[in-house]
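Everything below belongs to run14.cif, which stores mmCIF, C-alpha atoms.
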data_run
loop_
_atom_site.group_PDB
_atom_site.id
_atom_site.type_symbol
_atom_site.label_atom_id
_atom_site.label_comp_id
_atom_site.auth_asym_id
_atom_site.auth_seq_id
_atom_site.Cartn_x
_atom_site.Cartn_y
_atom_site.Cartn_z
ATOM 1 C CA MET A 204 29.255 32.540 82.849
ATOM 2 C CA GLN A 205 32.859 32.996 81.712
ATOM 3 C CA ALA A 206 32.875 29.403 80.484
ATOM 4 C CA TYR A 207 30.417 30.407 77.744
ATOM 5 C CA GLN A 208 32.522 33.239 76.334
ATOM 6 C CA GLU A 209 34.722 30.961 74.228
ATOM 7 C CA PHE A 210 31.704 29.699 72.276
ATOM 8 C CA THR A 211 29.728 31.450 69.542
ATOM 9 C CA ASP A 212 26.140 32.499 70.202
ATOM 10 C CA GLU A 213 25.014 30.040 67.552
ATOM 11 C CA GLU A 214 26.706 27.165 69.379
ATOM 12 C CA LEU A 215 25.224 28.257 72.692
ATOM 13 C CA VAL A 216 21.694 28.408 71.296
ATOM 14 C CA ILE A 217 21.977 24.801 70.153
ATOM 15 C CA ARG A 218 23.188 23.748 73.582
ATOM 16 C CA ALA A 219 20.347 25.666 75.237
ATOM 17 C CA ARG A 220 17.869 23.803 73.040
ATOM 18 C CA ASP A 221 19.392 20.567 74.271
ATOM 19 C CA GLY A 222 18.447 21.571 77.789
ATOM 20 C CA GLU A 223 21.755 22.890 79.151
ATOM 21 C CA MET A 224 20.959 25.135 82.100
ATOM 22 C CA GLY A 225 22.330 28.664 82.393
ATOM 23 C CA ILE A 226 22.843 29.455 78.717
ATOM 24 C CA THR A 227 19.546 31.258 78.197
ATOM 25 C CA GLU A 228 20.266 33.417 81.240
ATOM 26 C CA TYR A 229 23.756 34.154 79.896
ATOM 27 C CA LEU A 230 22.443 35.217 76.469
ATOM 28 C CA MET A 231 19.666 37.309 78.016
ATOM 29 C CA ASP A 232 22.253 39.145 80.101
ATOM 30 C CA LYS A 233 24.645 39.492 77.161
ATOM 31 C CA TYR A 234 22.046 41.153 74.949
ATOM 32 C CA LYS A 235 20.220 43.273 77.528
ATOM 33 C CA ASN A 236 22.126 46.391 76.419
ATOM 34 C CA LEU A 237 20.921 45.817 72.849
ATOM 35 C CA VAL A 238 17.376 45.705 74.200
ATOM 36 C CA LYS A 239 17.906 48.959 76.114
ATOM 37 C CA SER A 240 19.341 50.610 73.015
ATOM 38 C CA LYS A 241 16.330 49.600 70.914
ATOM 39 C CA ALA A 242 13.989 50.803 73.661
ATOM 40 C CA SER A 243 15.673 54.204 73.629
ATOM 41 C CA THR A 244 15.110 54.645 69.890
ATOM 42 C CA MET A 245 11.467 53.565 70.022
ATOM 43 C CA TYR A 246 10.763 55.676 73.112
ATOM 44 C CA ILE A 247 9.995 58.663 70.865
ATOM 45 C CA LEU A 248 6.914 56.874 69.555
ATOM 46 C CA GLY A 249 5.201 57.467 72.875
ATOM 47 C CA ALA A 250 5.759 54.275 74.833
ATOM 48 C CA ASP A 251 7.040 53.826 78.367
ATOM 49 C CA ARG A 252 10.720 52.896 78.186
ATOM 50 C CA GLU A 253 10.514 50.241 80.904
ATOM 51 C CA ASP A 254 7.564 48.612 79.133
ATOM 52 C CA LEU A 255 9.575 48.563 75.918
ATOM 53 C CA ILE A 256 12.552 46.970 77.672
ATOM 54 C CA GLN A 257 10.265 44.269 79.036
ATOM 55 C CA GLU A 258 8.837 43.630 75.570
ATOM 56 C CA GLY A 259 12.340 43.595 74.128
ATOM 57 C CA MET A 260 13.452 40.943 76.601
ATOM 58 C CA ILE A 261 10.468 38.853 75.527
ATOM 59 C CA GLY A 262 11.591 39.277 71.917
ATOM 60 C CA LEU A 263 15.117 38.237 72.894
ATOM 61 C CA PHE A 264 13.801 35.112 74.609
ATOM 62 C CA LYS A 265 11.835 34.247 71.461
ATOM 63 C CA ALA A 266 15.003 34.716 69.406
ATOM 64 C CA ILE A 267 16.842 32.202 71.580
ATOM 65 C CA ARG A 268 13.903 29.825 71.296
ATOM 66 C CA ASP A 269 13.335 30.149 67.541
ATOM 67 C CA TYR A 270 16.773 30.801 66.020
ATOM 68 C CA ASP A 271 17.659 28.451 63.161
ATOM 69 C CA SER A 272 21.314 28.630 62.087
ATOM 70 C CA GLY A 273 20.497 26.932 58.799
ATOM 71 C CA ARG A 274 17.797 29.432 57.875
ATOM 72 C CA ASP A 275 18.594 32.717 59.588
ATOM 73 C CA ALA A 276 21.565 35.065 59.507
ATOM 74 C CA SER A 277 23.773 35.460 62.571
ATOM 75 C CA PHE A 278 22.112 35.141 65.950
ATOM 76 C CA TYR A 279 22.803 38.836 66.620
ATOM 77 C CA THR A 280 20.938 39.898 63.487
ATOM 78 C CA PHE A 281 18.041 37.559 64.226
ATOM 79 C CA ALA A 282 17.856 38.707 67.856
ATOM 80 C CA GLU A 283 17.876 42.368 66.797
ATOM 81 C CA LEU A 284 14.964 41.720 64.448
ATOM 82 C CA CYS A 285 12.963 39.785 67.063
ATOM 83 C CA ILE A 286 13.514 42.497 69.673
ATOM 84 C CA SER A 287 12.433 45.298 67.320
ATOM 85 C CA ARG A 288 9.407 43.333 66.097
ATOM 86 C CA GLN A 289 8.236 42.564 69.632
ATOM 87 C CA MET A 290 8.530 46.206 70.661
ATOM 88 C CA TYR A 291 6.783 47.554 67.589
ATOM 89 C CA THR A 292 3.975 45.000 67.862
ATOM 90 C CA ALA A 293 3.458 46.093 71.464
ATOM 91 C CA LEU A 294 3.348 49.730 70.374
ATOM 92 C CA GLN A 295 0.696 48.972 67.779
ATOM 93 C CA ALA A 296 -1.367 46.935 70.239
ATOM 94 C CA SER A 297 -1.264 49.621 72.913
ATOM 95 C CA GLY A 298 -2.263 52.379 70.513
ATOM 96 C CA ARG A 299 0.353 54.674 72.034
ATOM 97 C CA LYS A 300 2.426 55.216 68.907
ATOM 98 C CA LYS A 301 1.235 58.816 68.593
ATOM 99 C CA HIS A 302 3.447 61.118 66.590
ATOM 100 C CA THR A 303 5.807 63.192 68.732
ATOM 101 C CA PRO A 304 5.840 66.852 67.602
ATOM 102 C CA LEU A 305 8.689 69.237 66.879
ATOM 103 C CA ASN A 306 12.131 67.818 67.683
ATOM 104 C CA SER A 307 11.388 64.099 67.338
ATOM 105 C CA TYR A 308 10.831 63.721 63.598
ATOM 106 C CA VAL A 309 12.953 62.111 60.925
ATOM 107 C CA SER A 310 14.248 64.383 58.172
ATOM 108 C CA ILE A 311 12.212 64.812 54.990
ATOM 109 C CA TYR A 312 14.200 67.758 53.680
ATOM 110 C CA GLN A 313 17.290 65.794 52.737
ATOM 111 C CA GLU A 314 17.572 62.738 50.557
ATOM 112 C CA HIS A 315 17.233 59.484 52.454
ATOM 113 C CA ASP A 316 20.583 57.860 53.102
ATOM 114 C CA GLU A 317 20.921 54.413 54.579
ATOM 115 C CA GLU A 318 24.093 55.527 56.349
ATOM 116 C CA GLU A 319 22.307 58.532 57.804
ATOM 117 C CA ASN A 320 20.208 56.273 59.997
ATOM 118 C CA GLY A 321 18.011 58.762 61.749
ATOM 119 C CA ALA A 322 18.041 62.543 61.312
ATOM 120 C CA LYS A 323 15.123 64.940 61.999
ATOM 121 C CA LEU A 324 11.913 65.426 60.094
ATOM 122 C CA ILE A 325 12.334 69.164 59.765
ATOM 123 C CA ASP A 326 15.828 70.303 60.606
ATOM 124 C CA ALA A 327 14.555 73.844 60.997
ATOM 125 C CA LEU A 328 12.422 72.777 63.957
ATOM 126 C CA GLU A 329 15.229 71.111 65.837
ATOM 127 C CA ASN A 330 17.093 74.101 67.215
ATOM 128 C CA LYS A 331 14.445 76.415 68.645
ATOM 129 C CA LYS A 332 16.601 78.210 71.239
ATOM 130 C CA GLU A 333 17.779 80.892 68.829
ATOM 131 C CA ARG A 334 14.372 81.515 67.256
ATOM 132 C CA ASN A 335 12.006 84.369 67.786
ATOM 133 C CA PRO A 336 8.343 83.775 68.792
ATOM 134 C CA GLU A 337 7.047 84.345 65.241
ATOM 135 C CA GLU A 338 9.278 81.618 63.834
ATOM 136 C CA ILE A 339 8.233 79.177 66.577
ATOM 137 C CA VAL A 340 4.550 79.763 65.789
ATOM 138 C CA ILE A 341 5.205 79.076 62.111
ATOM 139 C CA ASP A 342 7.039 75.887 63.048
ATOM 140 C CA LYS A 343 4.129 74.749 65.206
ATOM 141 C CA GLU A 344 1.741 75.317 62.318
ATOM 142 C CA ASN A 345 3.970 73.235 60.050
ATOM 143 C CA VAL A 346 4.025 70.403 62.554
ATOM 144 C CA GLU A 347 0.244 70.465 62.823
ATOM 145 C CA THR A 348 0.066 70.271 59.028
ATOM 146 C CA ILE A 349 2.442 67.317 58.999
ATOM 147 C CA GLU A 350 0.507 65.469 61.696
ATOM 148 C CA LYS A 351 -2.726 65.997 59.737
ATOM 149 C CA ILE A 352 -1.093 64.544 56.609
ATOM 150 C CA ILE A 353 0.138 61.552 58.586
ATOM 151 C CA GLU A 354 -3.382 60.850 59.840
ATOM 152 C CA THR A 355 -5.293 61.470 56.604
ATOM 153 C CA ASP A 356 -3.014 61.146 53.559
ATOM 154 C CA LEU A 357 -0.671 58.275 54.355
ATOM 155 C CA SER A 358 -1.501 54.625 53.825
ATOM 156 C CA PRO A 359 -1.113 52.265 56.803
ATOM 157 C CA PHE A 360 2.157 50.984 55.315
ATOM 158 C CA GLU A 361 3.475 54.517 54.774
ATOM 159 C CA ARG A 362 2.641 55.392 58.389
ATOM 160 C CA GLN A 363 4.476 52.316 59.608
ATOM 161 C CA VAL A 364 7.533 53.211 57.547
ATOM 162 C CA LEU A 365 7.508 56.798 58.815
ATOM 163 C CA GLU A 366 7.052 55.756 62.438
ATOM 164 C CA LEU A 367 9.974 53.344 62.260
ATOM 165 C CA SER A 368 12.080 55.925 60.426
ATOM 166 C CA MET A 369 11.448 58.190 63.402
ATOM 167 C CA THR A 370 13.317 55.670 65.564
ATOM 168 C CA GLY A 371 16.412 56.018 63.372
ATOM 169 C CA MET A 372 16.025 52.828 61.369
ATOM 170 C CA GLY A 373 17.211 52.714 57.759
ATOM 171 C CA TYR A 374 14.864 51.417 55.069
ATOM 172 C CA SER A 375 16.510 47.986 54.827
ATOM 173 C CA GLU A 376 16.065 47.445 58.574
ATOM 174 C CA ILE A 377 12.454 48.619 58.347
ATOM 175 C CA ALA A 378 11.859 46.256 55.437
ATOM 176 C CA LYS A 379 13.056 43.284 57.495
ATOM 177 C CA LEU A 380 10.944 44.286 60.473
ATOM 178 C CA LEU A 381 7.769 44.675 58.396
ATOM 179 C CA GLY A 382 8.449 41.674 56.173
ATOM 180 C CA LYS A 383 8.657 43.809 53.015
ATOM 181 C CA ASP A 384 11.287 44.141 50.303
ATOM 182 C CA GLY A 385 13.731 47.039 50.446
ATOM 183 C CA LYS A 386 12.519 48.706 47.247
ATOM 184 C CA SER A 387 8.869 48.972 48.300
ATOM 185 C CA THR A 388 9.933 50.288 51.704
ATOM 186 C CA ASP A 389 12.250 52.907 50.211
ATOM 187 C CA ASN A 390 9.521 53.895 47.750
ATOM 188 C CA ALA A 391 7.044 54.305 50.610
ATOM 189 C CA LEU A 392 9.431 56.619 52.433
ATOM 190 C CA THR A 393 9.921 58.626 49.246
ATOM 191 C CA ARG A 394 6.134 58.981 48.869
ATOM 192 C CA VAL A 395 5.854 60.174 52.458
ATOM 193 C CA LYS A 396 8.480 62.854 51.864
ATOM 194 C CA SER A 397 6.780 63.939 48.648
ATOM 195 C CA LYS A 398 3.340 64.237 50.248
ATOM 196 C CA ILE A 399 4.653 66.284 53.155
ATOM 197 C CA ARG A 400 6.781 68.533 50.956
ATOM 198 C CA LYS A 401 3.791 69.161 48.681
ATOM 199 C CA ALA A 402 1.535 70.104 51.599
ATOM 200 C CA LEU A 403 4.115 72.407 53.154
ATOM 201 C CA SER A 404 4.789 74.135 49.834
ATOM 202 C CA LYS A 405 1.126 75.264 49.742
ATOM 203 C CA LYS A 406 1.407 77.088 53.080
#
Now, as a test, write the supplied structure out as structure tokens.
Amino acid sequence: MQAYQEFTDEELVIRARDGEMGITEYLMDKYKNLVKSKASTMYILGADREDLIQEGMIGLFKAIRDYDSGRDASFYTFAELCISRQMYTALQASGRKKHTPLNSYVSIYQEHDEEENGAKLIDALENKKERNPEEIVIDKENVETIEKIIETDLSPFERQVLELSMTGMGYSEIAKLLGKDGKSTDNALTRVKSKIRKALSKK
């Protein structure tokens, strides 16, 4: 395996396509920690982590199979996209992407920042240890309101954007994963925030 370390991933993919044995195994092992990292972020959407890792490894294999150095960005970037797409597709197919309440939401109370890359939906809900029972009940009611909005007031695209934001992805990464442009994705996230803020302000 050490013999492969002096070559770029892009060079190794070409050699793997030419039938050289061992390279695919090397790349799968090299990127397994990336797969585990992605599985950890998507775990909050309700999937089994081991299932996600398995799906991610399938996505990684597809990246090795399909990467085109003349068309795509770096192999790392392409592999990251393929892994995320495979996991999210599996989540959609399984129907287990149910919204996780309380401390697993992305922030809507602060302006979206690409560098922020994954805060909480309602910061006030995050630290419940110092709260009295009355405050916790109010928080639970807010979460129920938010979940109702997600189910009834958001478009399918807006729900997808919110769900992926919950994993800590920035809007540009979400746009790539969903095959959308950055502006429409950012606008969708802004609409989601606005709808939730409006509903909570009526309580």
Q: For Asn236 of chain A, please output as a list in words all residues within 12 Å (counting all atoms listed in the file; exclusion window: fewer than 2 positions along the same chain).
A: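 Selected residues are Leu230, Met231, Asp232, Lys233, Tyr234, Val238, Lys239, Ser240, Lys241, Ala242, Ser243, Ile256, Gly259, Met260, Leu263, Glu283 and Ile286 of chain A.
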(Q) When you count all atoms listed in the file, which of these residues is closest to Thr348 of chain A: A:Arg400, A:Arg252, A:Lys235, A:Arg268? (A)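 Counting all atoms listed in the file, the residue closest to Thr348 of chain A is A:Arg400.
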Q) Expanded to explicit residues, what is the PyMOL selection byres ((chain A and resi 213) around 8) for this file, as JSON, numbers by chain? A) {"A": [211, 212, 214, 215, 216, 217, 272, 277, 278]}
How about saving the chosen residues, C-alpha atoms kept, as a PDB file, in the coordinates of the input?
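Saved as again_5.pdb:
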ATOM      1  CA  THR A 211      29.728  31.450  69.542  1.00  0.00           C
ATOM      2  CA  ASP A 212      26.140  32.499  70.202  1.00  0.00           C
ATOM      3  CA  GLU A 214      26.706  27.165  69.379  1.00  0.00           C
ATOM      4  CA  LEU A 215      25.224  28.257  72.692  1.00  0.00           C
ATOM      5  CA  VAL A 216      21.694  28.408  71.296  1.00  0.00           C
ATOM      6  CA  ILE A 217      21.977  24.801  70.153  1.00  0.00           C
ATOM      7  CA  SER A 272      21.314  28.630  62.087  1.00  0.00           C
ATOM      8  CA  SER A 277      23.773  35.460  62.571  1.00  0.00           C
ATOM      9  CA  PHE A 278      22.112  35.141  65.950  1.00  0.00           C
TER      10      PHE A 278
END
**Q.** Å distance separating atom CA of Lys265 of chain A from atom CA of Ile226 of chain A, one decimal place
**A.**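 So the two atoms, atom CA of Lys265 of chain A and atom CA of Ile226 of chain A, lie 14.0 Å apart.
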Q: Using all atoms listed in the file, pick whichever of A:Ile349, A:Ala219, A:Thr388, A:Lys383 has the shortest atom-to-atom distance to Glu361 of chain A.
A: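 Ranked by minimum distance to Glu361 of chain A, first place goes to A:Thr388.
Separating atom CA of Phe360 of chain A from atom CA of Asp269 of chain A is a distance of 26.6 Å.
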(Q) I'd like the interatomic distance between atom CA of Glu253 of chain A and atom CA of Met224 of chain A, to a tenth of an Å. (A)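 Atom CA of Met224 of chain A lies at a distance of 27.2 Å from atom CA of Glu253 of chain A.
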Q: Find the residues around Leu392 of chain A up to 8 Å (only C-alpha atoms counted), leave out those fewer than 5 positions away in its own chain, and share them as a PyMOL selection string.
A: chain A and resi 361+364-365+374
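Selection by the PyMOL selection byres ((chain A and resi 351-355) around 10) on the present file picks out His302, Asn345, Val346, Glu347, Thr348, Ile349, Glu350, Asp356, Leu357, Ser358, Pro359, Glu361, Arg362, Leu365, Glu366, Val395, Lys398, Ile399 and Ala402 of chain A.
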For the selection just defined, write its residues with C-alpha atoms to a file, as a PDB file, in the coordinates of the input.
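Here's the written file part_3.pdb:
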ATOM      1  CA  HIS A 302       3.447  61.118  66.590  1.00  0.00           C
ATOM      2  CA  ASN A 345       3.970  73.235  60.050  1.00  0.00           C
ATOM      3  CA  VAL A 346       4.025  70.403  62.554  1.00  0.00           C
ATOM      4  CA  GLU A 347       0.244  70.465  62.823  1.00  0.00           C
ATOM      5  CA  THR A 348       0.066  70.271  59.028  1.00  0.00           C
ATOM      6  CA  ILE A 349       2.442  67.317  58.999  1.00  0.00           C
ATOM      7  CA  GLU A 350       0.507  65.469  61.696  1.00  0.00           C
ATOM      8  CA  ASP A 356      -3.014  61.146  53.559  1.00  0.00           C
ATOM      9  CA  LEU A 357      -0.671  58.275  54.355  1.00  0.00           C
ATOM     10  CA  SER A 358      -1.501  54.625  53.825  1.00  0.00           C
ATOM     11  CA  PRO A 359      -1.113  52.265  56.803  1.00  0.00           C
ATOM     12  CA  GLU A 361       3.475  54.517  54.774  1.00  0.00           C
ATOM     13  CA  ARG A 362       2.641  55.392  58.389  1.00  0.00           C
ATOM     14  CA  LEU A 365       7.508  56.798  58.815  1.00  0.00           C
ATOM     15  CA  GLU A 366       7.052  55.756  62.438  1.00  0.00           C
ATOM     16  CA  VAL A 395       5.854  60.174  52.458  1.00  0.00           C
ATOM     17  CA  LYS A 398       3.340  64.237  50.248  1.00  0.00           C
ATOM     18  CA  ILE A 399       4.653  66.284  53.155  1.00  0.00           C
ATOM     19  CA  ALA A 402       1.535  70.104  51.599  1.00  0.00           C
TER      20      ALA A 402
END
Q: Kindly indicate which residue among A:Leu237, A:Leu403, A:Ala296, A:Leu255 lies nearest to Thr280 of chain A, using only C-alpha atoms for the distances.
A: A:Leu237
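The residue that comes closest to Gly382 of chain A, out of A:Ala206, A:Ala276, A:Cys285, A:Met290 and on the basis of all atoms listed in the file, is A:Cys285.
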Q) Which of these, A:Thr244, A:Phe264, A:Gln205, A:Lys396, has the shortest distance to Glu228 of chain A once you count all atoms listed in the file? A)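 Counting all atoms listed in the file, the residue closest to Glu228 of chain A is A:Phe264.
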Q.
If we draw a sphere of 12 Å around (12.7, 46.6, 55.8), which residues have at least one atom in it when counting only C-alpha atoms? Please report them as a ChimeraX atom specification.
A. /A:284,287-288,317,360,363-365,367-368,372-392
Axis-aligned box for segment 227-230 of chain A, 5 Å per side, centre and edges in Å as AutoDock Vina command-line options:
--center_x 21.7 --center_y 33.2 --center_z 78.9 --size_x 14.2 --size_y 14.0 --size_z 14.8
Q: Find, counting only C-alpha atoms, the residue in A:Ile267, A:Phe281, A:Asp251, A:Gly225 that gets nearest to Ala293 of chain A.
A: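 Closest candidate: A:Asp251.
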